[in-house]
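**Q** Once you've had a glance at the structure underneath, I'll fire off some questions.
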Amino acid sequence: MKLNSKTLLFLSLPLLFSFSSMASSMAPLTFNAPRVLLGDDDKKGEDADEEDDEDRDRYLAVIGGDVYSGNGSVMRGASILAKNGIIEEIGHDLWIPEEAEVLNAKGMRVYPGMIAVEASPNIVVSTSRSADEGLGDLHVHPVDEEIDPLAVFEAFADELLEGRHSVEDSYDPFSQSLVLALSSGITSTVSNGTAIKLKRGEIDDLVMSENSQVSMAWSSKNPAGRRSLREKFEAASSYLRDYRVWEKRPKSEEDTKAPSEKGVDKNVVAVLTGQKRARFTSNEQGDLLSLARFAQQYEFRPIIVGCIEGWTVADELGRAGATAIITPRDRRDRNEMLNRESGSTIENAAILYEHGVQIAIIPSNTGFDMGGQSGRDLMHLPIEVGFAMRGGLPESAALDSVTVVPARLLGISHRVGTLEEGKDCDLIVTDGDLLHYQTFVQYTVVDGSIAYDKQKEIFFAHIRPRATEEVFDPGEEVAEDVDEAVVEDSEAATDESSEDSPTDEEGADEDSEEESDEGGDESEEDGR
Amino acid sequence: MTVALLAQQSMKALSETFVALALFASVATAGGDLIAVRVGRAETVSQGTIEHAVILIDNGKIVAIGQDLPIDRGIPTIDRPNWTVMPGFVNAYSRFGLTAQGGAGSEPHKLASSEIYPRDAVFEDLLEYGYTTLGLYPPGNGIPGQAVAIRPVGDTIEELIVRDNAYLKIRLASNAGSKKMLRDGFAGVDKFDEKEAKRLEKWEKDKEKADKKKKKKSKKDDDKDEEKEDDKKKEEELGDFVPEAPKDNVLPFVQLRNGELSALFSIRTASDFIHLIDAIDEEEFTWNLRVPLRDDIDLYEVTERIGKLEKCVVVEPRLTFHPGTRRVRNLPLELAEAGAKLAFIPRSDSTRGYRDCRFNIAELLGAGLDRDVALRGMTLEPATLLGLEERIGSLDEGKDANLIFLSGDPFEGTTQIEAVMLEGRVVFGELK
């Protein structure tokens, strides 16, 4: 039914295209084409509904938006077709299957979903949450609802003792944090070293990568630690050298033993072979410099979190192929004792970028919730990026810093981070420039299904609503330029949607999509 | 063909009245202590409302129900033309009168019936408020055991129990431990089945061998005496394959699979439901849901999915707030509209809760819930949950005569419960 009503809604848009009556023919998407008969299409929708949901391919068409693919290209008024969560095609004049769910992005922009490279998302059902659930109504069904602390421990003992914590087994696909993350345009994040996709209402195939990074310490305050790390790298690299020699041994020496792995840190080997990325938290110029040289010596590409004084040694960091995870609003006083540049600057990201350091950006608070300091958490990631741009970071690098660079850091760039054919259809539709402070995410699509619609959630629906719709005001007459057919369509759609959705509010919202394109345009012009 | 149906038809066609009378006469003479109830209205639950209803009760069972049925002379009749009668209330999910604290492990073989005190004074209150059947569940998280269905009258546990093993209670939470507990339960059955299959295979092989030996010998011994042959046969016989009984903690899961037992999953959030579906995977068995309705619950996220599966959901009659707002949601209504069945339990498991339950449900009616759904939710649906749909829960021929006599509509605030009948006996109020 949902699909059906969407189709109807779409038909009611001023901008129309015709579906070919034969599904197999490759009819191009034609704009401003004569309207199709409603009844005809309606029937097809019903037929499609009767089919088994499981076997059918799931299509989503995001049409008419300006597609910022994240790989440098911008396609105005383009469409994206996703099949079963994978982007099938991006471009103009796409053939769109009639059973496809259609998301009209006309007048809006389409970006790849953002990726939070560091996060403490509250999307996992925690033991504490299930514990206080019972305390709300203690008098009700005392034994069942009252939680015995020992019982809670017993229930989770396996998990606690064996460390068998699996995100997939405790993910809350309906949590408020999840909706807030999606409302901020974030479609992938990290939970305990595991890169997960923020699926809504589903828990299948959440995990995209696990433990792609190894945390290491590098600080001038701990010379012993530095020495021991250096020893580990030395041992690992000599092991690798031996191993490669052994690998290429002549046939006559077939039986010789492989070099001993004793005393070799597997994680360091993984870093040296590029399977994992080493990750350091470092801000001081001296540390950054020695770290850059250390990385160059052993030829690995460090991830540096913080990197506040990185701009003073940007050339060395660039040479080391480092990636910096930066919080542009972090402050650090200049050290007056030094006879050289130090301290923080708003230009940090820009300078590092100029010297070839890849930039990923996170805010100082990595949670999604209604508490904390507003504007400095992951719900305001684009604003944080804005500060880097203010310091001179180019716009394309700024977009990369929250999409493709984090994807690379998490080892998931083959699936997400840019909008390209064959990648996952994780995208956001915004009512303006993603990095503009006024812009709202209007839709978030995860794995080819609409996971967030601004007008359907209680958080931001009332702020610059996407459309002012006659549905809200029964006394108002329909605009003159809308002809009868369209009116009929929209009425049909109203009936459909109000039947579908349990609450009145949702029904009204679906209808409001009709004018979304125009509304989007207006707000953009008004705002800028 | 039922007596009532015949009787109703006869009412419409006067010419057939005599046939019906004859039929009733035969019924009347067959039973021992036959009584008739004539009331202004009967809420049958299963077949709608019957005005001017007559119910014929024999030996604690309803033998006939219909509109204006003629009552044979000599049958004691309870005549209350202003009253309404409906099936006794059923609460399928209660711990009324029980105290023990539960653990969190997997003990599917434990029975709630072992906790009952017969002759508990609290039961009298239940009868006063129209509850004639109670499903008592074992305490605890995890898999605490099996519930028991009781009638709140009786001097011994045996007298109280209507059905032991009513359902298996399982608390399922969104975590690996909880999901593993369920999977392990069925894995235990798989293991058991495998072991049995191996034993059977071995036995079959042995038998084959024995049969071959027998044949050989019988060929050799063809000429010898038949008697001797018989003796040898006896010696060689292996005996029939005796299937082993599964262990205590495996048996309930075997019963779940073969349909002898149903499961009731207690969940707290929409996420729990998704994880439940994930944990069940392809396993097929009868299961239903218990969801405590509290404010800010996000159950509306999965009402469609629950409805699609046509599960019965045990809920309190309560309106809740949408998370983070003061907007009221009628989740029972949303569940019912999605296709789920509802079994209502009192908001609080206390005498006050039982007293107010039908008025609380009336609040939901005011918020749009269907009256039939509400009636079923107090009677037939919880009865089905307890596996007693053949015995109680509606006014039908052959079912137990558990009746509530009300002074008017059950959901009207001024309506009083005048009398309660449990299996033909008057257990509250006066009926003469």
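Simple scheme: letters A, B, ... for chains in structure tokens order, numbers from 1 for residues in each chain, numbers from 1 for ligands in the order shown.
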Should the cut-off be 7 Å, what would the residue list for chain B against chain A look like, counting only C-alpha atoms, as a list in words?
**A** Gln101, Gly103, Ala104, Gly105, Pro139, Gly140, Gly142, Ser174, Asn175, Ala176, Gly177, Ser178, Ala270, Ser271, Glu334, Arg347, Ser348 and Asp349 of chain B
**Q** What separation in Å, quoted to one decimal, exists between atom CA of B:Ala166 and atom CA of B:Val45?
**A** 21.8 Å
**Q** For stretch 114-131 of chain B, please output as JSON, numbers by chain all residues within 10 Å (counting only C-alpha atoms; exclusion window: fewer than 3 positions along the same chain).
**A** {"B": [86, 87, 88, 89, 90, 91, 95, 96, 97, 98, 99, 100, 110, 111, 134, 136, 137, 138, 148, 150, 151, 152, 153, 154, 155, 156, 157, 158, 159, 160, 161, 350, 351, 352, 353, 354, 355, 356, 357, 358, 378, 379, 402, 403, 404, 405, 406, 416, 417, 418, 419, 420, 421, 422, 427, 428, 429]}
**Q** Which neighbours of A:Val357 fall inside 7 Å, counting only C-alpha atoms, when residues of the same chain fewer than 4 positions from it are skipped, and could you give them as a PyMOL selection string?
**A** chain A and resi 317-318+321-324+352-353
**Q** Next, dump the selected residues to file, keeping only C-alpha atoms, as a CSV table (one decimal), in the first residue's frame.
**A**
```
chain,number,residue,atom,x,y,z
A,317,LEU,CA,52.9,14.7,8.3
A,318,GLY,CA,52.1,15.0,4.7
A,321,GLY,CA,51.0,10.0,4.5
A,322,ALA,CA,49.2,10.7,7.7
A,323,THR,CA,45.4,11.1,8.1
A,324,ALA,CA,44.4,13.6,10.7
A,352,LEU,CA,47.4,20.1,6.7
A,353,TYR,CA,45.3,19.5,3.6
```
**Q** When DSSP is applied to the backbone of this structure, which of stretch 159-376 of chain B are assigned strand (DSSP E)? Write them out as a compact mmCIF listing (two decimals) with N, CA and C atoms, in the first residue's frame.
**A**
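Done, and the output landed in selection15.txt:
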```
# COMPACT_ATOMS: atom_id res chain seq x y z
N ILE B 161 -6.53 -26.40 39.50
CA ILE B 161 -5.91 -26.40 38.17
C ILE B 161 -6.91 -26.71 37.06
N VAL B 162 -6.97 -25.85 36.07
CA VAL B 162 -7.75 -26.13 34.87
C VAL B 162 -6.82 -26.74 33.83
N ARG B 163 -5.65 -26.16 33.72
CA ARG B 163 -4.67 -26.71 32.78
C ARG B 163 -3.27 -26.34 33.23
N LEU B 168 4.72 -21.52 27.99
CA LEU B 168 6.09 -21.38 28.48
C LEU B 168 6.44 -19.90 28.45
N LYS B 169 6.81 -19.39 29.62
CA LYS B 169 7.12 -17.96 29.66
C LYS B 169 8.59 -17.74 29.37
N ILE B 170 8.86 -16.81 28.50
CA ILE B 170 10.25 -16.49 28.15
C ILE B 170 10.41 -14.98 28.13
N ARG B 171 11.40 -14.50 28.84
CA ARG B 171 11.72 -13.06 28.76
C ARG B 171 12.81 -12.90 27.73
N ALA B 263 4.48 -20.62 23.55
CA ALA B 263 5.40 -19.75 24.29
C ALA B 263 4.80 -18.37 24.41
N LEU B 264 5.09 -17.72 25.52
CA LEU B 264 4.69 -16.32 25.69
C LEU B 264 5.97 -15.54 25.93
N PHE B 265 6.31 -14.70 24.96
CA PHE B 265 7.54 -13.91 25.08
C PHE B 265 7.23 -12.58 25.72
N SER B 266 7.92 -12.30 26.78
CA SER B 266 7.78 -11.00 27.42
C SER B 266 8.86 -10.09 26.86
N TRP B 287 3.56 -18.92 19.35
CA TRP B 287 4.03 -17.99 20.38
C TRP B 287 3.22 -16.71 20.35
N ASN B 288 3.20 -16.08 21.51
CA ASN B 288 2.50 -14.81 21.64
C ASN B 288 3.36 -13.85 22.45
N LEU B 289 2.83 -12.66 22.64
CA LEU B 289 3.67 -11.62 23.23
C LEU B 289 3.05 -11.02 24.48
N ARG B 290 3.92 -10.63 25.39
CA ARG B 290 3.51 -9.82 26.52
C ARG B 290 4.35 -8.56 26.46
N CYS B 312 -1.12 -12.77 19.45
CA CYS B 312 -1.91 -12.22 20.54
C CYS B 312 -0.94 -11.48 21.47
N VAL B 313 -1.31 -10.27 21.85
CA VAL B 313 -0.44 -9.47 22.70
C VAL B 313 -1.13 -9.21 24.04
N VAL B 314 -0.44 -9.57 25.11
CA VAL B 314 -0.97 -9.34 26.45
C VAL B 314 -0.58 -7.92 26.87
N VAL B 315 -1.58 -7.08 27.08
CA VAL B 315 -1.30 -5.69 27.44
C VAL B 315 -2.25 -5.21 28.55
N THR B 320 -0.75 5.45 26.39
CA THR B 320 0.63 5.82 26.70
C THR B 320 1.01 7.10 25.97
N PHE B 321 2.10 7.68 26.40
CA PHE B 321 2.61 8.87 25.73
C PHE B 321 3.61 8.48 24.65
N VAL B 328 -0.83 11.47 23.34
CA VAL B 328 -1.34 10.17 23.77
C VAL B 328 -1.43 9.21 22.60
N ARG B 329 -1.01 7.99 22.86
CA ARG B 329 -1.16 6.95 21.85
C ARG B 329 -2.01 5.83 22.43
N LYS B 341 -4.12 -9.72 17.97
CA LYS B 341 -5.19 -9.97 18.93
C LYS B 341 -4.74 -9.41 20.28
N LEU B 342 -5.72 -9.05 21.10
CA LEU B 342 -5.39 -8.46 22.39
C LEU B 342 -5.89 -9.33 23.52
N ALA B 343 -5.08 -9.49 24.53
CA ALA B 343 -5.53 -10.12 25.78
C ALA B 343 -5.23 -9.12 26.88
N PHE B 344 -6.28 -8.64 27.53
CA PHE B 344 -6.07 -7.60 28.53
C PHE B 344 -5.79 -8.20 29.90
```
